[in-house]
file entry05.cif (mmCIF, C-alpha atoms (C1' of nucleotides))
data_target
#
loop_
_atom_site.label_atom_id
_atom_site.label_comp_id
_atom_site.auth_asym_id
_atom_site.auth_seq_id
_atom_site.Cartn_x
_atom_site.Cartn_y
_atom_site.Cartn_z
CA MET Y 402 -27.02 12.74 2.45
CA PRO Y 403 -26.15 9.49 0.68
CA GLU Y 404 -27.94 6.46 2.07
CA ALA Y 405 -24.63 4.67 2.59
CA MET Y 406 -23.75 7.11 5.38
CA ASN Y 407 -26.15 5.19 7.62
CA TRP Y 408 -24.25 1.93 7.27
CA SER Y 409 -21.16 0.94 9.14
CA THR Y 410 -17.81 0.33 7.49
CA GLU Y 411 -16.61 -1.69 10.48
CA ASN Y 412 -16.18 -5.03 8.80
CA CYS Y 413 -16.63 -4.15 5.18
CA THR Y 414 -15.64 -6.89 2.77
CA ILE Y 415 -13.31 -4.58 0.87
CA SER Y 416 -11.39 -3.79 4.07
CA ARG Y 417 -11.06 -7.42 5.00
CA THR Y 418 -10.01 -8.36 1.49
CA MET Y 419 -7.50 -5.54 1.25
CA GLU Y 420 -5.85 -6.67 4.45
CA ILE Y 421 -4.63 -9.62 2.41
CA LEU Y 422 -4.40 -8.29 -1.12
CA GLY Y 423 -3.74 -4.62 -0.44
CA GLU Y 424 -0.09 -4.72 0.45
CA LYS Y 425 2.54 -3.58 -1.95
CA TRP Y 426 3.80 -6.35 -4.28
CA THR Y 427 1.06 -8.84 -3.46
CA PHE Y 428 -0.50 -8.66 -6.91
CA HIS Y 429 2.90 -8.89 -8.56
CA VAL Y 430 3.54 -12.11 -6.68
CA LEU Y 431 0.13 -13.43 -7.63
CA ARG Y 432 0.70 -12.52 -11.27
CA GLU Y 433 3.84 -14.61 -11.33
CA VAL Y 434 2.14 -17.59 -9.78
CA PHE Y 435 -0.81 -17.20 -12.12
CA VAL Y 436 1.41 -17.30 -15.20
CA GLY Y 437 3.15 -20.37 -13.83
CA VAL Y 438 6.30 -19.00 -12.22
CA ARG Y 439 6.50 -20.71 -8.88
CA ARG Y 440 10.03 -20.53 -7.51
CA PHE Y 441 11.33 -17.93 -5.10
CA GLU Y 442 14.28 -16.82 -7.14
CA ASP Y 443 12.32 -16.71 -10.40
CA ILE Y 444 9.55 -14.64 -8.88
CA ARG Y 445 12.02 -12.29 -7.26
CA ALA Y 446 14.03 -11.72 -10.42
CA ARG Y 447 11.06 -11.32 -12.77
CA ALA Y 448 9.03 -9.03 -10.53
CA ASN Y 449 12.07 -7.23 -9.14
CA ILE Y 450 10.90 -7.53 -5.56
CA PRO Y 451 13.24 -7.02 -2.62
CA ARG Y 452 14.01 -10.43 -1.20
CA GLN Y 453 12.83 -9.60 2.29
CA VAL Y 454 9.53 -8.33 0.97
CA LEU Y 455 9.01 -11.42 -1.15
CA THR Y 456 9.62 -13.63 1.87
CA ASP Y 457 7.03 -11.63 3.83
CA ARG Y 458 4.44 -11.72 1.07
CA LEU Y 459 4.78 -15.43 0.41
CA THR Y 460 4.45 -16.15 4.11
CA ALA Y 461 1.36 -13.97 4.35
CA LEU Y 462 -0.24 -15.53 1.27
CA ILE Y 463 0.39 -19.00 2.65
CA ASP Y 464 -0.98 -18.04 6.08
CA ARG Y 465 -4.10 -16.68 4.45
CA GLY Y 466 -4.54 -19.80 2.36
CA LEU Y 467 -3.97 -18.39 -1.14
CA LEU Y 468 -0.74 -20.26 -1.75
CA ARG Y 469 0.81 -23.46 -0.57
CA ARG Y 470 4.50 -24.31 -0.36
CA GLU Y 471 5.36 -27.57 -1.97
CA ALA Y 472 8.58 -29.51 -2.07
CA TYR Y 473 9.76 -30.76 -5.44
CA ARG Y 474 12.92 -32.35 -6.71
CA ILE Y 475 14.41 -32.33 -10.16
CA PRO Y 476 16.09 -35.73 -10.48
CA GLY Y 477 19.77 -35.40 -9.61
CA GLN Y 478 19.23 -32.15 -7.74
CA ARG Y 479 18.44 -31.43 -4.16
CA GLU Y 480 14.98 -30.71 -2.85
CA ARG Y 481 13.50 -27.31 -3.60
CA TYR Y 482 10.27 -25.52 -2.86
CA GLU Y 483 7.69 -23.97 -5.06
CA TYR Y 484 4.63 -21.87 -4.39
CA ARG Y 485 1.34 -22.89 -5.93
CA LEU Y 486 -2.16 -21.51 -5.94
CA THR Y 487 -4.74 -23.11 -3.69
CA GLN Y 488 -8.40 -23.11 -4.68
CA ALA Y 489 -8.83 -19.80 -2.86
CA GLY Y 490 -5.97 -18.41 -4.92
CA LEU Y 491 -7.33 -19.77 -8.18
CA ASP Y 492 -10.66 -18.18 -7.42
CA LEU Y 493 -8.99 -14.81 -7.78
CA TYR Y 494 -9.04 -15.40 -11.53
CA PRO Y 495 -12.04 -13.11 -12.03
CA VAL Y 496 -10.25 -10.36 -10.09
CA MET Y 497 -7.06 -10.79 -12.11
CA VAL Y 498 -8.88 -10.88 -15.42
CA ALA Y 499 -10.93 -7.82 -14.49
CA LEU Y 500 -7.81 -5.90 -13.46
CA VAL Y 501 -5.94 -6.80 -16.62
CA HIS Y 502 -8.94 -5.92 -18.73
CA TRP Y 503 -9.26 -2.51 -17.09
CA GLY Y 504 -5.54 -1.86 -17.40
CA ASP Y 505 -5.50 -2.77 -21.07
CA GLN Y 506 -8.38 -0.41 -21.67
CA TYR Y 507 -7.16 2.61 -19.71
CA LEU Y 508 -3.40 2.21 -19.67
CA PRO Y 509 -2.84 0.64 -23.06
CA LEU Y 510 0.48 -0.11 -24.67
CA ASP Y 511 1.00 0.79 -28.32
CA SER Y 512 1.95 -2.79 -28.98
CA GLY Y 513 -1.22 -4.22 -27.46
CA PRO Y 514 -1.85 -6.20 -24.30
CA PRO Y 515 1.18 -8.11 -23.06
CA LEU Y 516 -0.95 -10.63 -21.19
CA SER Y 517 -4.06 -12.25 -22.53
CA PRO Y 518 -6.35 -14.62 -20.63
CA GLU Y 519 -7.40 -17.58 -22.74
CA HIS Y 520 -9.73 -20.52 -22.43
CA ARG Y 521 -7.48 -23.60 -22.40
CA GLY Y 522 -8.32 -25.88 -25.25
CA CYS Y 523 -10.76 -23.66 -27.08
CA GLY Y 524 -8.22 -20.82 -27.09
CA GLY Y 525 -10.86 -18.07 -26.95
CA LYS Y 526 -10.07 -14.83 -25.17
CA VAL Y 527 -11.54 -14.72 -21.70
CA THR Y 528 -13.19 -11.63 -20.29
CA VAL Y 529 -15.22 -10.93 -17.23
CA THR Y 530 -18.87 -9.88 -17.34
CA LEU Y 531 -21.26 -8.35 -14.87
CA GLN Y 532 -24.37 -10.44 -14.65
CA CYS Y 533 -27.46 -10.19 -12.50
CA ASP Y 534 -29.25 -13.28 -11.31
CA ALA Y 535 -32.26 -12.45 -13.44
CA GLY Y 536 -29.93 -12.95 -16.40
CA HIS Y 537 -29.36 -9.31 -17.33
CA VAL Y 538 -25.94 -7.97 -18.26
CA PRO Y 539 -25.90 -4.54 -16.64
CA THR Y 540 -23.56 -1.71 -17.51
CA PRO Y 541 -21.57 -0.25 -14.60
CA ARG Y 542 -24.06 2.59 -14.24
CA GLU Y 543 -26.87 0.10 -13.72
CA VAL Y 544 -25.15 -1.54 -10.77
CA ALA Y 545 -25.20 -0.26 -7.20
CA PHE Y 546 -23.77 -1.50 -3.94
CA ARG Y 547 -26.50 -1.85 -1.33
CA PRO Y 548 -26.29 -2.91 2.30
CA GLY Y 549 -26.56 -6.70 2.52
CA PRO Y 550 -27.65 -8.99 5.37
CA GLY Y 551 -24.39 -8.41 7.27
CA ALA Y 552 -24.63 -4.62 7.21
CA THR Y 553 -24.90 -2.85 10.55
CA ARG Y 554 -26.29 0.60 11.24
CA ARG Y 555 -23.95 3.40 12.04
CA LYS Y 556 -24.31 6.36 14.31
CA VAL Y 557 -24.01 9.37 12.04
CA SER Y 558 -23.47 12.64 13.85
CA MET A 1145 10.85 -24.30 -16.97
CA PRO A 1146 7.50 -22.54 -17.25
CA GLU A 1147 6.87 -20.95 -20.62
CA ALA A 1148 6.20 -17.56 -18.96
CA MET A 1149 9.89 -17.32 -18.03
CA ASN A 1150 10.62 -16.39 -21.65
CA TRP A 1151 8.41 -13.31 -21.56
CA SER A 1152 9.30 -9.96 -20.16
CA THR A 1153 7.57 -8.40 -17.17
CA GLU A 1154 8.80 -4.93 -18.16
CA ASN A 1155 5.48 -3.31 -18.84
CA CYS A 1156 3.08 -5.90 -17.59
CA THR A 1157 -0.50 -4.70 -17.30
CA ILE A 1158 -0.71 -5.74 -13.67
CA SER A 1159 2.32 -3.61 -12.81
CA ARG A 1160 0.95 -0.58 -14.59
CA THR A 1161 -2.46 -1.04 -13.01
CA MET A 1162 -1.03 -1.52 -9.54
CA GLU A 1163 0.89 1.72 -9.83
CA ILE A 1164 -2.51 3.38 -9.58
CA LEU A 1165 -4.59 0.96 -7.56
CA GLY A 1166 -1.90 -0.72 -5.51
CA GLU A 1167 -1.28 1.89 -2.86
CA LYS A 1168 -2.61 1.51 0.63
CA TRP A 1169 -6.11 2.96 1.10
CA THR A 1170 -6.87 3.38 -2.60
CA PHE A 1171 -9.54 0.70 -2.63
CA HIS A 1172 -11.06 2.04 0.57
CA VAL A 1173 -11.44 5.43 -1.07
CA LEU A 1174 -12.93 3.84 -4.15
CA ARG A 1175 -15.37 1.84 -2.04
CA GLU A 1176 -16.68 5.02 -0.47
CA VAL A 1177 -17.14 6.72 -3.80
CA PHE A 1178 -18.77 3.60 -5.21
CA VAL A 1179 -21.35 3.48 -2.44
CA GLY A 1180 -22.08 7.16 -2.95
CA VAL A 1181 -19.99 8.88 -0.28
CA ARG A 1182 -18.31 11.74 -2.06
CA ARG A 1183 -17.13 14.35 0.43
CA PHE A 1184 -13.66 14.57 1.93
CA GLU A 1185 -14.71 14.59 5.54
CA ASP A 1186 -17.26 11.80 5.09
CA ILE A 1187 -14.77 9.55 3.32
CA ARG A 1188 -12.11 10.24 5.92
CA ALA A 1189 -14.37 9.53 8.88
CA ARG A 1190 -16.01 6.40 7.44
CA ALA A 1191 -12.84 4.77 6.13
CA ASN A 1192 -10.67 6.04 9.01
CA ILE A 1193 -7.95 7.25 6.70
CA PRO A 1194 -5.28 9.69 7.89
CA ARG A 1195 -6.12 13.07 6.39
CA GLN A 1196 -2.80 13.49 4.65
CA VAL A 1197 -3.09 10.11 3.03
CA LEU A 1198 -6.62 10.81 1.83
CA THR A 1199 -5.44 14.05 0.26
CA ASP A 1200 -2.68 12.18 -1.54
CA ARG A 1201 -4.93 9.40 -2.76
CA LEU A 1202 -7.64 11.72 -4.02
CA THR A 1203 -5.07 13.77 -5.89
CA ALA A 1204 -3.57 10.66 -7.45
CA LEU A 1205 -6.95 9.28 -8.45
CA ILE A 1206 -7.87 12.59 -10.06
CA ASP A 1207 -4.53 12.79 -11.87
CA ARG A 1208 -5.01 9.30 -13.19
CA GLY A 1209 -8.53 10.09 -14.34
CA LEU A 1210 -10.54 7.81 -12.04
CA LEU A 1211 -12.18 10.62 -10.10
CA ARG A 1212 -13.12 14.19 -10.77
CA ARG A 1213 -13.50 17.00 -8.25
CA GLU A 1214 -16.73 18.88 -8.57
CA ALA A 1215 -17.99 21.99 -6.85
CA TYR A 1216 -21.44 21.89 -5.33
CA ARG A 1217 -23.40 24.18 -3.08
CA ILE A 1218 -26.19 23.40 -0.68
CA PRO A 1219 -28.45 26.48 -0.80
CA GLY A 1220 -27.53 28.85 2.02
CA GLN A 1221 -24.14 27.26 2.50
CA ARG A 1222 -20.83 28.02 0.96
CA GLU A 1223 -19.35 26.12 -1.95
CA ARG A 1224 -17.94 22.70 -1.24
CA TYR A 1225 -16.29 19.97 -3.29
CA GLU A 1226 -17.13 16.38 -3.91
CA TYR A 1227 -15.34 13.54 -5.61
CA ARG A 1228 -17.14 11.53 -8.26
CA LEU A 1229 -16.29 8.58 -10.45
CA THR A 1230 -15.36 9.20 -14.06
CA GLN A 1231 -16.13 6.59 -16.70
CA ALA A 1232 -12.71 5.05 -16.07
CA GLY A 1233 -13.60 4.82 -12.40
CA LEU A 1234 -17.02 3.35 -13.07
CA ASP A 1235 -15.42 0.73 -15.26
CA LEU A 1236 -13.76 -0.67 -12.16
CA TYR A 1237 -17.14 -2.13 -11.23
CA PRO A 1238 -16.17 -5.62 -12.39
CA VAL A 1239 -13.01 -5.42 -10.27
CA MET A 1240 -14.94 -4.24 -7.21
CA VAL A 1241 -17.65 -6.85 -7.62
CA ALA A 1242 -15.08 -9.60 -8.12
CA LEU A 1243 -13.16 -8.54 -5.02
CA VAL A 1244 -16.27 -8.36 -2.89
CA HIS A 1245 -17.44 -11.72 -4.18
CA TRP A 1246 -14.10 -13.32 -3.36
CA GLY A 1247 -14.02 -11.73 0.07
CA ASP A 1248 -17.53 -12.88 0.90
CA GLN A 1249 -16.61 -16.39 -0.09
CA TYR A 1250 -13.26 -16.72 1.68
CA LEU A 1251 -13.49 -14.24 4.53
CA PRO A 1252 -17.16 -14.52 5.37
CA LEU A 1253 -18.95 -12.86 8.23
CA ASP A 1254 -21.37 -14.90 10.30
CA SER A 1255 -24.01 -12.31 9.58
CA GLY A 1256 -23.59 -12.50 5.83
CA PRO A 1257 -22.19 -10.05 3.28
CA PRO A 1258 -22.33 -6.42 4.42
CA LEU A 1259 -22.28 -5.15 0.86
CA SER A 1260 -24.27 -6.56 -1.99
CA PRO A 1261 -24.09 -5.44 -5.61
CA GLU A 1262 -27.53 -5.13 -7.18
CA HIS A 1263 -28.96 -4.43 -10.59
CA ARG A 1264 -30.77 -1.08 -10.26
CA GLY A 1265 -34.39 -1.45 -11.09
CA CYS A 1266 -34.55 -5.22 -11.37
CA GLY A 1267 -32.93 -5.58 -7.94
CA GLY A 1268 -31.18 -8.87 -8.79
CA LYS A 1269 -27.86 -9.67 -7.21
CA VAL A 1270 -24.96 -8.93 -9.50
CA THR A 1271 -21.98 -11.23 -9.84
CA VAL A 1272 -19.08 -11.40 -12.19
CA THR A 1273 -18.52 -14.28 -14.59
CA LEU A 1274 -15.59 -15.50 -16.62
CA GLN A 1275 -16.60 -15.85 -20.22
CA CYS A 1276 -14.68 -16.80 -23.33
CA ASP A 1277 -15.51 -15.26 -26.68
CA ALA A 1278 -16.70 -18.58 -27.99
CA GLY A 1279 -19.42 -18.34 -25.35
CA HIS A 1280 -18.05 -20.81 -22.82
CA VAL A 1281 -18.06 -20.11 -19.09
CA PRO A 1282 -14.75 -21.56 -17.97
CA THR A 1283 -13.81 -22.45 -14.41
CA PRO A 1284 -10.63 -20.83 -13.07
CA ARG A 1285 -8.66 -23.97 -13.86
CA GLU A 1286 -9.65 -23.76 -17.51
CA VAL A 1287 -8.25 -20.26 -17.89
CA ALA A 1288 -4.61 -19.39 -18.51
CA PHE A 1289 -2.69 -16.18 -19.03
CA ARG A 1290 -0.78 -16.31 -22.31
CA PRO A 1291 1.55 -13.74 -23.84
CA GLY A 1292 -0.46 -11.33 -25.97
CA PRO A 1293 0.52 -9.11 -28.92
CA GLY A 1294 2.34 -6.66 -26.63
CA ALA A 1295 4.51 -9.30 -24.98
CA THR A 1296 8.27 -9.01 -25.46
CA ARG A 1297 10.86 -11.75 -25.15
CA ARG A 1298 13.11 -11.83 -22.18
CA LYS A 1299 16.70 -12.89 -21.84
CA VAL A 1300 16.61 -15.75 -19.40
CA SER A 1301 20.00 -16.67 -17.96
"C1'" DT R 612 -18.52 42.52 14.70
"C1'" DT R 613 -17.18 39.23 17.24
"C1'" DG R 614 -16.96 34.73 18.25
"C1'" DG R 615 -17.92 30.05 17.08
"C1'" DC R 616 -18.63 26.19 13.95
"C1'" DT R 617 -17.62 23.28 10.05
"C1'" DG R 618 -15.52 21.28 5.94
"C1'" DA R 619 -11.40 20.72 3.88
"C1'" DG R 620 -7.45 20.70 4.15
"C1'" DT R 621 -1.75 21.56 5.77
"C1'" DC R 622 2.16 20.88 9.14
"C1'" DT R 623 5.12 18.29 12.35
"C1'" DG R 624 7.34 14.65 14.52
"C1'" DT R 625 7.28 9.57 15.26
"C1'" DC R 626 7.24 4.96 13.80
"C1'" DA R 627 6.69 1.11 10.52
"C1'" DA R 628 7.55 -0.57 5.95
"C1'" DG R 629 10.15 -0.90 1.83
"C1'" DC R 630 14.58 -1.22 -0.10
"C1'" DA R 631 19.65 -2.36 -1.73
"C1'" DG R 632 23.29 -4.88 -0.97
"C1'" DA R 633 26.08 -8.00 1.68
"C1'" DC R 634 26.07 -12.25 4.09
"C1'" DT R 635 24.48 -17.36 5.17
"C1'" DT R 636 23.27 -22.08 4.56
"C1'" DA R 637 22.46 -26.44 2.37
"C1'" DT R 638 23.08 -29.28 -1.35
"C1'" DC R 639 24.71 -30.70 -5.56
"C1'" DC R 640 28.39 -30.97 -9.34
"C1'" DT R 641 33.21 -31.45 -10.85
"C1'" DA Z 27 38.10 -29.65 -1.93
"C1'" DG Z 28 36.21 -25.91 -4.46
"C1'" DG Z 29 32.60 -23.71 -6.89
"C1'" DA Z 30 27.80 -22.93 -8.15
"C1'" DT Z 31 23.09 -22.06 -6.98
"C1'" DA Z 32 18.46 -21.55 -4.71
"C1'" DA Z 33 16.48 -19.68 -1.02
"C1'" DG Z 34 16.71 -17.23 2.14
"C1'" DT Z 35 18.54 -13.71 6.60
"C1'" DC Z 36 20.86 -9.37 8.28
"C1'" DT Z 37 21.97 -4.38 8.32
"C1'" DG Z 38 21.42 0.32 7.70
"C1'" DC Z 39 19.02 3.91 4.97
"C1'" DT Z 40 14.97 6.11 3.08
"C1'" DT Z 41 10.19 6.56 2.18
"C1'" DG Z 42 5.54 6.30 3.51
"C1'" DA Z 43 1.96 6.01 7.00
"C1'" DC Z 44 0.18 7.91 11.02
"C1'" DA Z 45 -1.77 10.87 15.08
"C1'" DG Z 46 -2.64 15.05 16.49
"C1'" DA Z 47 -2.31 19.95 16.29
"C1'" DC Z 48 -2.85 23.85 13.41
"C1'" DT Z 49 -4.94 26.83 9.41
"C1'" DC Z 50 -8.23 29.04 6.65
"C1'" DA Z 51 -12.52 30.49 4.50
"C1'" DG Z 52 -17.19 31.30 4.78
"C1'" DC Z 53 -21.45 31.16 7.03
"C1'" DC Z 54 -24.36 31.76 11.33
"C1'" DA Z 55 -26.06 33.50 15.72
"C1'" DA Z 56 -25.77 36.92 19.51
#
call {"tool": "encode", "arguments": {"input": "entry05.cif", "output": "structure tokens"}}
result
Amino acid sequence: MPEAMNWSTENCTISRTMEILGEKWTFHVLREVFVGVRRFEDIRARANIPRQVLTDRLTALIDRGLLRREAYRIPGQRERYEYRLTQAGLDLYPVMVALVHWGDQYLPLDSGPPLSPEHRGCGGKVTVTLQCDAGHVPTPREVAFRPGPGATRRKVS
Amino acid sequence: MPEAMNWSTENCTISRTMEILGEKWTFHVLREVFVGVRRFEDIRARANIPRQVLTDRLTALIDRGLLRREAYRIPGQRERYEYRLTQAGLDLYPVMVALVHWGDQYLPLDSGPPLSPEHRGCGGKVTVTLQCDAGHVPTPREVAFRPGPGATRRKVS
DNA sequence: TTGGCTGAGTCTGTCAAGCAGACTTATCCT
DNA sequence: AGGATAAGTCTGCTTGACAGACTCAGCCAA
């Protein structure tokens, strides 16, 4: 029996994270904001999201602190709102880059990646690397999820 | 107008990736397999997934090449099946580690992280780092998604 | 050899979510 | 005053999630 069977899944980090990020369209919304598209109608049209769903997702992302709603005004036009990443949102960069990297590897387009993360200024391509705090760079097979300090035991029948 | 508005979202990598990973419960299933839980009934009970949904997700993940179904037999018992990560599945490690890291930072438990990625053997904690190919380690704010070779122009009204 | 147990599902009916398309509101421009 | 536009809300339909009962095969014990 795998060792993990002894540990509870009650409040697993993946569950808690997926409560926010796991709904349909959430990553599409985030993608738009990450590439700099910040207005309701632009996001809706580009990502092809049903309006009602976009409203729900934006509200949820604001409630959870990933986005903030900010008024802006183009001179000579009325006030509008745009949605911008908070620090919590920005810190999803590693997740986004890792997802895009995986997608480009396993679901490639003939024409190459349509989206490419770059280091501003230096212009180098950005990737994401596994790194252990002893300085090693492990391959996936050399990594394992273990119970951490917050793990609780589980009754296993 | 943000520059990204000129580029199509037709076949964006995030969209194509989310077609596989974006359904409800998919990441819960992956979590179980990542921590070493591989049998239908164990996954179902630990993650609390409706049976029908688990069947659907496992089938989809096999079709898409992230899992494979493998027969095994405990001596003196009949043949059973287990679900194991393929290389494509294993290569989601950076995504999983990044998600868990983000969750532990922004949705922390008082008791600490319940799940902790470790380097097998050395035992060091594993994290995920943004890195540009010139060797820099950029902060999120220094990274930007740009159109890559596969990007196509978009008619913008 | 019958009856029970278990793992791995399928089947059925209910309920929530996603969806398309029409409608609404406020503000600006002409 | 009339029209355009951004950012929504409203309505009815369809799909997906869900709980709980049922199935089925193979082994085990009496």
call {"tool": "resolve_selection", "arguments": {"input": "entry05.cif", "expression": "the PyMOL selection byres ((chain Z) within 10 of (chain Y))", "output": "ChimeraX atom specification"}}
result
/Z:32-35
call {"tool": "write_last_selection", "arguments": {"input": "entry05.cif", "atoms": "C-alpha atoms (C1' of nucleotides)", "output": "PDB file, in the frame of the given file"}}
result
ATOM      1  C1'  DA Z  32      18.460 -21.550  -4.710  1.00  0.00           C
ATOM      2  C1'  DA Z  33      16.480 -19.680  -1.020  1.00  0.00           C
ATOM      3  C1'  DG Z  34      16.710 -17.230   2.140  1.00  0.00           C
ATOM      4  C1'  DT Z  35      18.540 -13.710   6.600  1.00  0.00           C
TER       5       DT Z  35
END
call {"tool": "atom_distance", "arguments": {"input": "entry05.cif", "atom1": "atom CA of A:Gly1220", "atom2": "atom C1' of R:DG614"}}
result
20.2 Å
call {"tool": "residues_around", "arguments": {"input": "entry05.cif", "residues": "A:Ala1189", "least_positions_apart": "4", "cutoff": "12 Å", "atoms": "all atoms listed in the file", "output": "list in words"}}
result
Met406, Ser409, Thr410, Glu411, Arg555, Lys556, Val557 and Ser558 of chain Y; His1172, Val1173, Glu1176, Val1181, Arg1182, Arg1183, Phe1184, Glu1185, Ile1193, Pro1194, Arg1195 and Leu1198 of chain A
call {"tool": "write_last_selection", "arguments": {"input": "entry05.cif", "atoms": "C-alpha atoms", "output": "CSV table (one decimal), in the coordinates of the input"}}
result
chain,number,residue,atom,x,y,z
Y,406,MET,CA,-23.8,7.1,5.4
Y,409,SER,CA,-21.2,0.9,9.1
Y,410,THR,CA,-17.8,0.3,7.5
Y,411,GLU,CA,-16.6,-1.7,10.5
Y,555,ARG,CA,-24.0,3.4,12.0
Y,556,LYS,CA,-24.3,6.4,14.3
Y,557,VAL,CA,-24.0,9.4,12.0
Y,558,SER,CA,-23.5,12.6,13.8
A,1172,HIS,CA,-11.1,2.0,0.6
A,1173,VAL,CA,-11.4,5.4,-1.1
A,1176,GLU,CA,-16.7,5.0,-0.5
A,1181,VAL,CA,-20.0,8.9,-0.3
A,1182,ARG,CA,-18.3,11.7,-2.1
A,1183,ARG,CA,-17.1,14.4,0.4
A,1184,PHE,CA,-13.7,14.6,1.9
A,1185,GLU,CA,-14.7,14.6,5.5
A,1193,ILE,CA,-8.0,7.2,6.7
A,1194,PRO,CA,-5.3,9.7,7.9
A,1195,ARG,CA,-6.1,13.1,6.4
A,1198,LEU,CA,-6.6,10.8,1.8
call {"tool": "atom_distance", "arguments": {"input": "entry05.cif", "atom1": "atom CA of Y:Cys533", "atom2": "atom CA of A:Leu1236"}}
result
16.7 Å
call {"tool": "resolve_selection", "arguments": {"input": "entry05.cif", "expression": "the PyMOL selection byres ((chain Y and resi 458) around 10)", "output": "list in words"}}
result
Ile421, Leu422, Glu424, Lys425, Trp426, Thr427, Phe428, Val430, Leu431, Arg452, Gln453, Val454, Leu455, Thr456, Asp457, Leu459, Thr460, Ala461, Leu462, Ile463 and Asp464 of chain Y
call {"tool": "resolve_selection", "arguments": {"input": "entry05.cif", "expression": "the PyMOL selection byres ((chain R) within 10 of (chain A))", "output": "VMD selection string"}}
result
chain R and resid 618 to 622
call {"tool": "residues_around", "arguments": {"input": "entry05.cif", "residues": "R:DG624", "least_positions_apart": "4", "cutoff": "12 Å", "atoms": "only C-alpha atoms (C1' of nucleotides)", "output": "ChimeraX atom specification"}}
result
/Z:44-47
call {"tool": "closest_residue", "arguments": {"input": "entry05.cif", "among": "A:Gln1221, A:Asn1192, A:Thr1271, A:Gln1231", "to": "chain Y", "atoms": "all atoms listed in the file"}}
result
A:Thr1271
call {"tool": "residues_around", "arguments": {"input": "entry05.cif", "residues": "R:DT613", "least_positions_apart": "3", "cutoff": "12 Å", "atoms": "all atoms listed in the file", "output": "ChimeraX atom specification"}}
result
/Z:54-56
call {"tool": "closest_residue", "arguments": {"input": "entry05.cif", "among": "Y:Ile415, Y:Val434, Y:Ile475, Y:Leu467", "to": "chain A", "atoms": "all atoms listed in the file"}}
result
Y:Ile415
call {"tool": "decode", "arguments": {"input": "entry05.cif", "residues": "chain Z", "atoms": "C-alpha atoms (C1' of nucleotides)", "output": "CSV table (one decimal), in the first residue's frame"}}
result
chain,number,residue,atom,x,y,z
Z,27,DA,C1',-32.4,64.1,-30.0
Z,28,DG,C1',-30.3,60.1,-31.8
Z,29,DG,C1',-26.8,56.8,-32.1
Z,30,DA,C1',-22.7,54.3,-30.4
Z,31,DT,C1',-20.4,51.6,-27.0
Z,32,DA,C1',-18.7,49.3,-22.7
Z,33,DA,C1',-20.2,46.6,-19.3
Z,34,DG,C1',-23.1,44.3,-17.7
Z,35,DT,C1',-28.2,41.6,-16.4
Z,36,DC,C1',-32.1,38.4,-17.7
Z,37,DT,C1',-34.2,34.2,-19.8
Z,38,DG,C1',-34.6,29.7,-21.2
Z,39,DC,C1',-32.0,25.5,-22.9
Z,40,DT,C1',-28.5,22.1,-22.5
Z,41,DT,C1',-24.6,19.9,-20.5
Z,42,DG,C1',-22.1,18.3,-16.7
Z,43,DA,C1',-21.8,17.0,-11.8
Z,44,DC,C1',-23.7,14.4,-8.3
Z,45,DA,C1',-25.7,10.8,-4.9
Z,46,DG,C1',-27.1,6.5,-4.5
Z,47,DA,C1',-28.5,2.1,-6.2
Z,48,DC,C1',-27.2,-1.6,-9.2
Z,49,DT,C1',-23.9,-4.9,-11.8
Z,50,DC,C1',-20.3,-8.1,-12.5
Z,51,DA,C1',-16.3,-11.0,-12.0
Z,52,DG,C1',-13.3,-13.5,-9.3
Z,53,DC,C1',-11.7,-15.1,-5.0
Z,54,DC,C1',-12.6,-17.0,-0.2
Z,55,DA,C1',-14.8,-19.4,3.6
Z,56,DA,C1',-18.3,-22.6,5.3
